[in-house]
>>> print(open('target_35.cif').read())   # mmCIF, C-alpha atoms
data_input
#
loop_
_atom_site.group_PDB
_atom_site.id
_atom_site.type_symbol
_atom_site.label_atom_id
_atom_site.label_comp_id
_atom_site.auth_asym_id
_atom_site.auth_seq_id
_atom_site.Cartn_x
_atom_site.Cartn_y
_atom_site.Cartn_z
ATOM 1 C CA MET A 1 -2.807 -20.329 -2.380
ATOM 2 C CA LEU A 2 -5.763 -18.672 -4.040
ATOM 3 C CA THR A 3 -8.477 -20.429 -5.973
ATOM 4 C CA ASP A 4 -9.169 -19.803 -9.644
ATOM 5 C CA ALA A 5 -12.404 -18.059 -8.613
ATOM 6 C CA GLN A 6 -10.523 -15.659 -6.330
ATOM 7 C CA ILE A 7 -8.001 -14.820 -9.041
ATOM 8 C CA ASP A 8 -10.828 -14.251 -11.530
ATOM 9 C CA HIS A 9 -12.575 -11.947 -9.049
ATOM 10 C CA PHE A 10 -9.420 -9.896 -8.565
ATOM 11 C CA ARG A 11 -8.713 -9.545 -12.268
ATOM 12 C CA THR A 12 -12.324 -8.692 -13.071
ATOM 13 C CA PHE A 13 -13.153 -6.305 -10.238
ATOM 14 C CA GLY A 14 -9.657 -5.236 -9.182
ATOM 15 C CA PHE A 15 -9.777 -6.304 -5.538
ATOM 16 C CA LEU A 16 -10.205 -9.256 -3.209
ATOM 17 C CA VAL A 17 -11.046 -9.409 0.498
ATOM 18 C CA LEU A 18 -9.175 -12.212 2.274
ATOM 19 C CA ARG A 19 -10.912 -12.976 5.549
ATOM 20 C CA GLY A 20 -8.764 -14.114 8.481
ATOM 21 C CA TYR A 21 -5.623 -13.998 6.350
ATOM 22 C CA LEU A 22 -3.435 -13.197 9.364
ATOM 23 C CA ASP A 23 -3.975 -15.109 12.593
ATOM 24 C CA GLU A 24 -4.676 -13.471 15.933
ATOM 25 C CA CYS A 25 -1.125 -13.744 17.262
ATOM 26 C CA GLU A 26 0.631 -12.291 14.235
ATOM 27 C CA THR A 27 -1.972 -9.528 13.946
ATOM 28 C CA ALA A 28 -1.334 -8.565 17.573
ATOM 29 C CA ALA A 29 2.433 -8.689 17.027
ATOM 30 C CA LEU A 30 2.136 -6.509 13.928
ATOM 31 C CA ALA A 31 -0.042 -3.970 15.770
ATOM 32 C CA ASP A 32 2.410 -3.807 18.677
ATOM 33 C CA GLU A 33 5.329 -3.359 16.294
ATOM 34 C CA LEU A 34 3.570 -0.573 14.386
ATOM 35 C CA ASP A 35 2.756 1.294 17.597
ATOM 36 C CA ARG A 36 6.283 0.894 18.951
ATOM 37 C CA ALA A 37 7.898 2.007 15.678
ATOM 38 C CA HIS A 38 5.641 5.054 15.375
ATOM 39 C CA ARG A 39 6.326 6.170 18.945
ATOM 40 C CA ASP A 40 10.050 5.794 18.327
ATOM 41 C CA ALA A 41 10.070 7.457 14.912
ATOM 42 C CA PHE A 42 7.735 10.392 15.568
ATOM 43 C CA GLY A 43 8.451 11.014 19.246
ATOM 44 C CA ALA A 44 6.689 14.153 20.489
ATOM 45 C CA ARG A 45 4.830 14.366 17.180
ATOM 46 C CA TYR A 46 3.175 10.970 17.677
ATOM 47 C CA ASP A 47 -0.077 12.473 18.996
ATOM 48 C CA GLU A 48 -0.351 15.211 16.366
ATOM 49 C CA ARG A 49 -3.590 15.164 14.394
ATOM 50 C CA PRO A 50 -3.124 17.051 11.117
ATOM 51 C CA ASP A 51 -6.140 18.776 9.607
ATOM 52 C CA ASN A 52 -7.887 16.738 6.929
ATOM 53 C CA ASP A 53 -9.980 18.352 4.223
ATOM 54 C CA GLY A 54 -10.519 15.251 2.109
ATOM 55 C CA GLY A 55 -6.845 14.299 1.811
ATOM 56 C CA MET A 56 -4.963 11.485 3.510
ATOM 57 C CA SER A 57 -3.486 13.014 6.644
ATOM 58 C CA GLY A 58 -1.551 10.778 8.971
ATOM 59 C CA HIS A 59 1.854 9.443 9.929
ATOM 60 C CA TYR A 60 3.485 7.191 7.308
ATOM 61 C CA LEU A 61 6.465 5.011 8.205
ATOM 62 C CA PRO A 62 8.369 2.330 6.250
ATOM 63 C CA MET A 63 8.439 -0.932 8.216
ATOM 64 C CA MET A 64 11.330 -2.696 6.481
ATOM 65 C CA SER A 65 14.002 -2.698 9.205
ATOM 66 C CA ARG A 66 15.550 -6.010 10.222
ATOM 67 C CA SER A 67 16.218 -4.685 13.726
ATOM 68 C CA ARG A 68 13.233 -2.395 14.356
ATOM 69 C CA THR A 69 10.321 -3.969 12.444
ATOM 70 C CA PRO A 70 11.122 -7.674 11.919
ATOM 71 C CA VAL A 71 7.482 -8.816 11.981
ATOM 72 C CA SER A 72 6.577 -6.534 9.094
ATOM 73 C CA LEU A 73 9.770 -7.325 7.204
ATOM 74 C CA GLY A 74 9.101 -11.046 7.506
ATOM 75 C CA LEU A 75 5.654 -10.703 5.983
ATOM 76 C CA VAL A 76 7.048 -9.081 2.828
ATOM 77 C CA GLU A 77 8.490 -12.431 1.676
ATOM 78 C CA ASP A 78 5.697 -14.534 3.164
ATOM 79 C CA ALA A 79 4.032 -16.659 0.485
ATOM 80 C CA ARG A 80 0.653 -15.209 1.469
ATOM 81 C CA PHE A 81 1.840 -11.908 0.025
ATOM 82 C CA LEU A 82 4.733 -12.352 -2.429
ATOM 83 C CA ALA A 83 3.521 -15.629 -3.981
ATOM 84 C CA THR A 84 -0.087 -14.449 -3.953
ATOM 85 C CA ALA A 85 0.876 -11.266 -5.798
ATOM 86 C CA ARG A 86 2.452 -13.455 -8.463
ATOM 87 C CA GLN A 87 -0.728 -15.498 -8.685
ATOM 88 C CA LEU A 88 -2.932 -12.454 -9.036
ATOM 89 C CA VAL A 89 -0.880 -10.822 -11.787
ATOM 90 C CA GLY A 90 0.637 -13.906 -13.400
ATOM 91 C CA ALA A 91 4.154 -12.461 -13.538
ATOM 92 C CA THR A 92 7.304 -11.892 -11.504
ATOM 93 C CA MET A 93 6.625 -9.309 -8.815
ATOM 94 C CA LEU A 94 9.136 -7.070 -7.039
ATOM 95 C CA PRO A 95 8.574 -6.043 -3.404
ATOM 96 C CA PHE A 96 7.755 -2.413 -2.799
ATOM 97 C CA TYR A 97 8.330 -1.336 0.792
ATOM 98 C CA ALA A 98 5.949 -2.252 3.612
ATOM 99 C CA GLU A 99 4.520 0.665 5.525
ATOM 100 C CA GLY A 100 2.728 1.316 8.801
ATOM 101 C CA ILE A 101 0.266 4.210 8.703
ATOM 102 C CA ARG A 102 -1.819 5.998 11.315
ATOM 103 C CA TYR A 103 -4.614 7.754 9.470
ATOM 104 C CA TYR A 104 -6.384 10.650 11.176
ATOM 105 C CA GLY A 105 -9.345 11.310 8.954
ATOM 106 C CA GLN A 106 -10.807 10.703 5.539
ATOM 107 C CA ALA A 107 -9.032 9.560 2.381
ATOM 108 C CA GLY A 108 -10.202 11.153 -0.845
ATOM 109 C CA PHE A 109 -11.350 9.266 -3.932
ATOM 110 C CA HIS A 110 -8.121 8.267 -5.689
ATOM 111 C CA ASP A 111 -5.936 5.537 -7.154
ATOM 112 C CA ASP A 112 -2.315 4.824 -6.239
ATOM 113 C CA ALA A 113 -0.478 5.260 -9.554
ATOM 114 C CA GLY A 114 -0.752 6.436 -13.113
ATOM 115 C CA PRO A 115 -1.147 3.994 -16.008
ATOM 116 C CA GLY A 116 1.618 1.757 -17.274
ATOM 117 C CA VAL A 117 2.688 -0.042 -14.093
ATOM 118 C CA LYS A 118 0.954 -3.139 -12.756
ATOM 119 C CA ALA A 119 1.011 -3.579 -8.979
ATOM 120 C CA VAL A 120 -0.908 -5.285 -6.191
ATOM 121 C CA LYS A 121 -1.391 -3.644 -2.805
ATOM 122 C CA PHE A 122 -2.245 -5.586 0.356
ATOM 123 C CA VAL A 123 -3.858 -3.691 3.230
ATOM 124 C CA ALA A 124 -4.500 -4.909 6.762
ATOM 125 C CA TYR A 125 -6.366 -2.636 9.183
ATOM 126 C CA LEU A 126 -5.537 -3.267 12.817
ATOM 127 C CA GLU A 127 -8.912 -2.397 14.331
ATOM 128 C CA PRO A 128 -12.445 -3.282 13.185
ATOM 129 C CA LEU A 129 -13.773 -0.930 10.518
ATOM 130 C CA THR A 130 -17.316 -0.480 9.233
ATOM 131 C CA ALA A 131 -18.930 1.955 6.810
ATOM 132 C CA ALA A 132 -19.476 4.308 9.745
ATOM 133 C CA THR A 133 -15.870 4.142 11.011
ATOM 134 C CA GLY A 134 -13.687 4.468 7.919
ATOM 135 C CA ALA A 135 -13.827 1.125 6.093
ATOM 136 C CA LEU A 136 -12.129 1.171 2.714
ATOM 137 C CA ARG A 137 -14.496 1.687 -0.229
ATOM 138 C CA LEU A 138 -13.500 0.500 -3.708
ATOM 139 C CA LEU A 139 -14.945 1.084 -7.165
ATOM 140 C CA PRO A 140 -15.175 -2.358 -8.815
ATOM 141 C CA GLY A 141 -13.565 -2.589 -12.238
ATOM 142 C CA SER A 142 -11.954 0.856 -12.117
ATOM 143 C CA HIS A 143 -8.520 -0.657 -12.807
ATOM 144 C CA HIS A 144 -9.586 -1.340 -16.405
ATOM 145 C CA PRO A 145 -8.295 1.502 -18.618
ATOM 146 C CA GLU A 146 -11.656 2.247 -20.248
ATOM 147 C CA LEU A 147 -13.520 2.708 -16.972
ATOM 148 C CA SER A 148 -10.523 4.417 -15.371
ATOM 149 C CA ALA A 149 -10.580 7.133 -18.048
ATOM 150 C CA ILE A 150 -14.333 7.653 -17.673
ATOM 151 C CA VAL A 151 -14.055 7.917 -13.894
ATOM 152 C CA ALA A 152 -11.076 10.292 -14.110
ATOM 153 C CA ASP A 153 -13.111 12.617 -16.328
ATOM 154 C CA TRP A 154 -16.057 12.449 -13.918
ATOM 155 C CA ASP A 155 -13.732 13.158 -10.985
ATOM 156 C CA ARG A 156 -12.412 16.292 -12.656
ATOM 157 C CA ARG A 157 -15.948 17.534 -13.164
ATOM 158 C CA HIS A 158 -16.994 16.818 -9.556
ATOM 159 C CA PRO A 159 -14.150 17.679 -7.172
ATOM 160 C CA ALA A 160 -14.785 17.376 -3.428
ATOM 161 C CA MET A 161 -14.078 20.811 -1.972
ATOM 162 C CA ASP A 162 -14.143 19.881 1.725
ATOM 163 C CA ALA A 163 -14.624 16.959 4.120
ATOM 164 C CA GLU A 164 -18.427 17.093 4.078
ATOM 165 C CA GLY A 165 -18.403 17.372 0.296
ATOM 166 C CA LEU A 166 -16.221 14.284 0.108
ATOM 167 C CA ARG A 167 -18.641 12.324 2.292
ATOM 168 C CA ARG A 168 -21.583 13.277 0.112
ATOM 169 C CA LEU A 169 -19.677 12.475 -3.063
ATOM 170 C CA VAL A 170 -18.419 9.081 -1.891
ATOM 171 C CA GLU A 171 -21.744 7.978 -0.423
ATOM 172 C CA GLY A 172 -23.372 8.682 -3.775
ATOM 173 C CA LEU A 173 -21.012 6.366 -5.675
ATOM 174 C CA PRO A 174 -21.469 2.620 -6.376
ATOM 175 C CA LEU A 175 -18.562 1.596 -4.152
ATOM 176 C CA TYR A 176 -17.971 -1.718 -2.396
ATOM 177 C CA VAL A 177 -17.554 -1.132 1.340
ATOM 178 C CA ALA A 178 -14.886 -3.535 2.569
ATOM 179 C CA GLU A 179 -15.779 -3.833 6.253
ATOM 180 C CA THR A 180 -12.991 -5.705 8.011
ATOM 181 C CA ARG A 181 -11.819 -7.097 11.309
ATOM 182 C CA PRO A 182 -8.166 -7.429 12.416
ATOM 183 C CA GLY A 183 -6.638 -10.313 10.485
ATOM 184 C CA ASP A 184 -8.552 -9.580 7.283
ATOM 185 C CA VAL A 185 -6.496 -8.388 4.312
ATOM 186 C CA ILE A 186 -7.684 -6.473 1.252
ATOM 187 C CA ALA A 187 -5.732 -6.975 -1.977
ATOM 188 C CA PHE A 188 -6.304 -4.458 -4.735
ATOM 189 C CA ASP A 189 -4.810 -3.250 -7.995
ATOM 190 C CA TRP A 190 -2.947 0.067 -7.727
ATOM 191 C CA HIS A 191 -5.327 1.494 -10.326
ATOM 192 C CA VAL A 192 -8.571 0.748 -8.486
ATOM 193 C CA ARG A 193 -10.243 3.936 -7.277
ATOM 194 C CA HIS A 194 -10.867 3.898 -3.546
ATOM 195 C CA ALA A 195 -11.707 6.170 -0.615
ATOM 196 C CA SER A 196 -12.408 6.176 3.103
ATOM 197 C CA ILE A 197 -14.917 8.397 4.881
ATOM 198 C CA ARG A 198 -16.260 8.855 8.425
ATOM 199 C CA GLY A 199 -13.108 7.397 9.918
ATOM 200 C CA GLY A 200 -11.085 8.543 12.898
ATOM 201 C CA VAL A 201 -7.664 7.337 13.977
ATOM 202 C CA ARG A 202 -7.005 3.943 12.425
ATOM 203 C CA ARG A 203 -3.887 1.888 11.861
ATOM 204 C CA GLN A 204 -3.007 0.278 8.548
ATOM 205 C CA TRP A 205 -0.201 -2.061 7.579
ATOM 206 C CA THR A 206 0.367 -2.286 3.855
ATOM 207 C CA VAL A 207 2.774 -3.733 1.309
ATOM 208 C CA SER A 208 2.756 -3.588 -2.496
ATOM 209 C CA TYR A 209 4.363 -5.676 -5.213
ATOM 210 C CA VAL A 210 5.162 -4.249 -8.636
ATOM 211 C CA ARG A 211 5.360 -6.276 -11.843
ATOM 212 C CA ASP A 212 8.887 -6.690 -13.168
ATOM 213 C CA PRO A 213 8.967 -4.719 -16.444
ATOM 214 C CA ALA A 214 9.501 -6.935 -19.494
ATOM 215 C CA THR A 215 10.198 -4.307 -22.184
ATOM 216 C CA ALA A 216 12.193 -1.097 -22.484
ATOM 217 C CA GLU A 217 8.954 0.892 -22.574
ATOM 218 C CA GLU A 218 7.713 -0.782 -19.389
ATOM 219 C CA ALA A 219 11.080 -0.165 -17.703
ATOM 220 C CA GLU A 220 10.891 3.528 -18.584
ATOM 221 C CA ARG A 221 7.400 3.776 -17.127
ATOM 222 C CA PHE A 222 8.542 1.838 -14.070
ATOM 223 C CA ALA A 223 11.324 4.377 -13.504
ATOM 224 C CA ASP A 224 8.874 7.281 -13.796
ATOM 225 C CA VAL A 225 6.140 5.898 -11.549
ATOM 226 C CA VAL A 226 7.929 3.703 -9.028
ATOM 227 C CA VAL A 227 11.440 5.124 -8.675
ATOM 228 C CA ASP A 228 11.080 8.833 -9.502
ATOM 229 C CA GLY A 229 7.496 8.912 -8.241
ATOM 230 C CA ASN A 230 6.559 6.806 -5.241
ATOM 231 C CA LEU A 231 10.013 6.068 -3.821
ATOM 232 C CA ALA A 232 11.379 9.585 -4.328
ATOM 233 C CA PHE A 233 8.252 11.018 -2.696
ATOM 234 C CA LEU A 234 8.970 9.000 0.423
ATOM 235 C CA LEU A 235 12.304 10.666 1.115
ATOM 236 C CA ASP A 236 11.650 14.068 -0.461
ATOM 237 C CA ASP A 237 8.283 14.875 1.112
ATOM 238 C CA LEU A 238 7.810 12.671 4.169
ATOM 239 C CA ASP A 239 10.630 14.246 6.131
ATOM 240 C CA ASP A 240 9.350 14.031 9.709
ATOM 241 C CA TYR A 241 11.212 10.916 10.870
ATOM 242 C CA ASP A 242 14.732 9.445 10.753
ATOM 243 C CA HIS A 243 15.014 7.939 7.270
ATOM 244 C CA ALA A 244 18.236 6.131 8.145
ATOM 245 C CA ALA A 245 16.519 4.349 11.029
ATOM 246 C CA TYR A 246 13.412 3.502 8.977
ATOM 247 C CA PRO A 247 14.507 3.107 5.352
ATOM 248 C CA PRO A 248 12.324 1.596 2.645
ATOM 249 C CA TYR A 249 15.074 -1.009 2.216
ATOM 250 C CA ASP A 250 17.884 -1.960 4.601
ATOM 251 C CA ASP A 251 20.687 -4.521 4.285
ATOM 252 C CA HIS A 252 18.135 -7.340 4.315
ATOM 253 C CA TRP A 253 17.493 -6.294 0.683
ATOM 254 C CA LEU A 254 20.531 -4.156 -0.130
ATOM 255 C CA ALA A 255 22.998 -6.947 0.781
ATOM 256 C CA PRO A 256 20.931 -10.151 0.842
ATOM 257 C CA ASP A 257 22.193 -13.401 2.314
ATOM 258 C CA PRO A 258 23.493 -15.597 -0.558
ATOM 259 C CA ALA A 259 21.894 -18.524 1.258
ATOM 260 C CA GLN A 260 18.530 -16.966 0.307
ATOM 261 C CA PRO A 261 18.747 -17.242 -3.511
ATOM 262 C CA GLU A 262 15.213 -16.002 -4.227
ATOM 263 C CA ARG A 263 15.786 -12.808 -2.278
ATOM 264 C CA ALA A 264 19.219 -12.370 -3.851
ATOM 265 C CA THR A 265 17.744 -12.703 -7.345
ATOM 266 C CA LEU A 266 14.964 -10.217 -6.604
ATOM 267 C CA SER A 267 17.460 -7.815 -5.011
ATOM 268 C CA GLU A 268 19.711 -7.906 -8.068
ATOM 269 C CA ARG A 269 16.787 -7.062 -10.327
ATOM 270 C CA MET A 270 15.516 -4.321 -8.007
ATOM 271 C CA ARG A 271 18.964 -2.726 -7.951
ATOM 272 C CA ALA A 272 19.190 -2.845 -11.756
ATOM 273 C CA LEU A 273 15.846 -1.005 -11.975
ATOM 274 C CA GLY A 274 17.010 1.721 -9.580
ATOM 275 C CA MET A 275 14.734 0.810 -6.662
ATOM 276 C CA PHE A 276 17.598 1.108 -4.161
ATOM 277 C CA GLN A 277 19.071 4.341 -5.509
ATOM 278 C CA VAL A 278 16.795 6.567 -3.424
ATOM 279 C CA VAL A 279 18.104 4.859 -0.264
ATOM 280 C CA GLU A 280 21.775 4.695 -1.203
ATOM 281 C CA ASP A 281 21.860 8.368 -2.248
ATOM 282 C CA VAL A 282 20.817 9.538 1.246
#
>>> encode(input="target_35.cif", output="structure tokens")
Amino acid sequence: MLTDAQIDHFRTFGFLVLRGYLDECETAALADELDRAHRDAFGARYDERPDNDGGMSGHYLPMMSRSRTPVSLGLVEDARFLATARQLVGATMLPFYAEGIRYYGQAGFHDDAGPGVKAVKFVAYLEPLTAATGALRLLPGSHHPELSAIVADWDRRHPAMDAEGLRRLVEGLPLYVAETRPGDVIAFDWHVRHASIRGGVRRQWTVSYVRDPATAEEAERFADVVVDGNLAFLLDDLDDYDHAAYPPYDDHWLAPDPAQPERATLSERMRALGMFQVVEDV
């Protein structure tokens, strides 16, 4: 469990670097599983390297299958992630899908969602990363609405037009460079601005947890951002793998074991909020 100082750091600056959070064996198992799943899912397209002009080119794959990606699936309910997300936000958190990503270039300066939804994202890179090789860079405090609005206005005035422009822009910003080794995990608020430059092929495992909406207004925003936004995007736009084989949720969540009451309770709430609809409509 986290200390009060760690929680305070996260809430103040919007991120936390957890050194050695995964041990060597589970990190190796997760890396092997990601590689195996990507080779299976993308087949002949596995070695493709899409052009990157400051975007986030790569192969993205849900890793939530009980049969194909059990290591990843098991981590979603691990206390180091689910319980820690609750600690960081101080509320009930609902699991978003875990994902394995192979990035091929730079990631532009961005956040992961619009305002109105609180979420925590955990990221584990599966090879060492430094400032010179694509380490994640985060803007401290940019999850706070006041700073977020200021930064968004600045970003509109100073768009990066190409990859070199992005490098110059990012290197001129007061960003924290989260250099990591395999086993380290970065936790950050969905609204923290972040970027990655000077990176080549790198593997990332990630999972997010979204705060359970407590009011009708929050539920409406949740539907817009999480269900009609992020989840719908997965199946509508990322169409280069077998979605039935690698769904964001399989029967582990769609039909949970009654002997696992915590999962069953979360699943019932997730279904009520429409989180499973995008899967069940396929």
>>> resolve_selection(input="target_35.cif", expression="the PyMOL selection byres ((chain A and resi 209) around 12)", output="VMD selection string")
chain A and resid 76 to 77 81 to 89 91 to 98 117 to 123 187 to 190 206 to 208 210 to 212 226 266 270
>>> closest_residue(input="target_35.cif", among="A:Ser196, A:Gly116, A:Leu129, A:Glu171", to="A:Pro213", atoms="all atoms listed in the file")
A:Gly116
>>> atom_distance(input="target_35.cif", atom1="atom CA of A:Arg19", atom2="atom CA of A:Ser65")
27.2 Å
>>> closest_residue(input="target_35.cif", among="A:Val177, A:Leu254, A:Val151, A:Met56", to="A:Val278", atoms="all atoms listed in the file")
A:Leu254
>>> atom_distance(input="target_35.cif", atom1="atom CA of A:Pro248", atom2="atom CA of A:Asp112")
17.4 Å
>>> closest_residue(input="target_35.cif", among="A:Asp240, A:Arg45, A:Asp23, A:Leu231", to="A:Gly274", atoms="only C-alpha atoms")
A:Leu231
>>> closest_residue(input="target_35.cif", among="A:Asp47, A:Glu127, A:Asp153, A:Asp35", to="A:Gly199", atoms="all atoms listed in the file")
A:Glu127
>>> atom_distance(input="target_35.cif", atom1="atom CA of A:Phe15", atom2="atom CA of A:His143")
9.3 Å
>>> closest_residue(input="target_35.cif", among="A:Glu48, A:Glu99, A:Asp224, A:Glu26", to="A:Arg203", atoms="all atoms listed in the file")
A:Glu99
>>> build_atoms(input="target_35.cif", residues="stretch 152-183 of chain A", atoms="N, CA and C atoms", output="short mmCIF file (atom, residue, chain, number, x, y, z; two decimals), in the frame of the given file")
data_model
loop_
_atom_site.label_atom_id
_atom_site.label_comp_id
_atom_site.auth_asym_id
_atom_site.auth_seq_id
_atom_site.Cartn_x
_atom_site.Cartn_y
_atom_site.Cartn_z
N ALA A 152 -11.98 9.14 -14.27
CA ALA A 152 -11.08 10.29 -14.11
C ALA A 152 -11.73 11.57 -14.65
N ASP A 153 -12.41 11.45 -15.78
CA ASP A 153 -13.11 12.62 -16.33
C ASP A 153 -14.23 13.07 -15.39
N TRP A 154 -14.98 12.12 -14.87
CA TRP A 154 -16.06 12.45 -13.92
C TRP A 154 -15.48 13.14 -12.68
N ASP A 155 -14.35 12.61 -12.19
CA ASP A 155 -13.73 13.16 -10.98
C ASP A 155 -13.31 14.60 -11.19
N ARG A 156 -12.82 14.91 -12.37
CA ARG A 156 -12.41 16.29 -12.66
C ARG A 156 -13.62 17.23 -12.69
N ARG A 157 -14.75 16.70 -13.09
CA ARG A 157 -15.95 17.53 -13.16
C ARG A 157 -16.63 17.70 -11.80
N HIS A 158 -16.30 16.81 -10.85
CA HIS A 158 -16.99 16.82 -9.56
C HIS A 158 -15.99 16.73 -8.40
N PRO A 159 -15.14 17.72 -8.26
CA PRO A 159 -14.15 17.68 -7.17
C PRO A 159 -14.82 17.88 -5.81
N ALA A 160 -14.31 17.18 -4.80
CA ALA A 160 -14.78 17.38 -3.43
C ALA A 160 -14.02 18.55 -2.83
N MET A 161 -14.73 19.59 -2.43
CA MET A 161 -14.08 20.81 -1.97
C MET A 161 -13.74 20.80 -0.49
N ASP A 162 -14.41 19.94 0.29
CA ASP A 162 -14.14 19.88 1.72
C ASP A 162 -14.55 18.51 2.24
N ALA A 163 -14.37 18.27 3.54
CA ALA A 163 -14.62 16.96 4.12
C ALA A 163 -16.08 16.53 3.97
N GLU A 164 -17.02 17.44 4.21
CA GLU A 164 -18.43 17.09 4.08
C GLU A 164 -18.78 16.83 2.62
N GLY A 165 -18.18 17.61 1.71
CA GLY A 165 -18.40 17.37 0.30
C GLY A 165 -17.89 16.01 -0.14
N LEU A 166 -16.76 15.60 0.42
CA LEU A 166 -16.22 14.28 0.11
C LEU A 166 -17.17 13.19 0.58
N ARG A 167 -17.70 13.34 1.78
CA ARG A 167 -18.64 12.32 2.29
C ARG A 167 -19.85 12.20 1.39
N ARG A 168 -20.41 13.33 0.99
CA ARG A 168 -21.58 13.28 0.11
C ARG A 168 -21.23 12.64 -1.23
N LEU A 169 -20.08 13.02 -1.77
CA LEU A 169 -19.68 12.48 -3.06
C LEU A 169 -19.50 10.96 -2.99
N VAL A 170 -18.74 10.50 -2.00
CA VAL A 170 -18.42 9.08 -1.89
C VAL A 170 -19.67 8.25 -1.61
N GLU A 171 -20.54 8.74 -0.75
CA GLU A 171 -21.74 7.98 -0.42
C GLU A 171 -22.72 7.90 -1.60
N GLY A 172 -22.53 8.74 -2.59
CA GLY A 172 -23.37 8.68 -3.78
C GLY A 172 -22.81 7.81 -4.88
N LEU A 173 -21.66 7.19 -4.65
CA LEU A 173 -21.01 6.37 -5.68
C LEU A 173 -21.28 4.88 -5.44
N PRO A 174 -21.24 4.07 -6.51
CA PRO A 174 -21.47 2.62 -6.38
C PRO A 174 -20.21 1.89 -5.92
N LEU A 175 -19.79 2.17 -4.69
CA LEU A 175 -18.56 1.60 -4.15
C LEU A 175 -18.85 0.38 -3.28
N TYR A 176 -17.91 -0.57 -3.29
CA TYR A 176 -17.97 -1.72 -2.40
C TYR A 176 -17.34 -1.31 -1.06
N VAL A 177 -18.07 -1.48 0.02
CA VAL A 177 -17.55 -1.13 1.34
C VAL A 177 -16.93 -2.38 1.96
N ALA A 178 -15.61 -2.37 2.08
CA ALA A 178 -14.89 -3.54 2.57
C ALA A 178 -14.76 -3.45 4.09
N GLU A 179 -15.83 -3.81 4.79
CA GLU A 179 -15.78 -3.83 6.25
C GLU A 179 -14.88 -4.99 6.69
N THR A 180 -13.99 -4.71 7.63
CA THR A 180 -12.99 -5.70 8.01
C THR A 180 -12.82 -5.77 9.52
N ARG A 181 -12.26 -6.90 9.94
CA ARG A 181 -11.82 -7.10 11.31
C ARG A 181 -10.32 -7.37 11.29
N PRO A 182 -9.60 -7.13 12.40
CA PRO A 182 -8.17 -7.43 12.42
C PRO A 182 -7.90 -8.87 11.98
N GLY A 183 -6.94 -9.02 11.07
CA GLY A 183 -6.64 -10.31 10.48
C GLY A 183 -7.10 -10.41 9.05
#
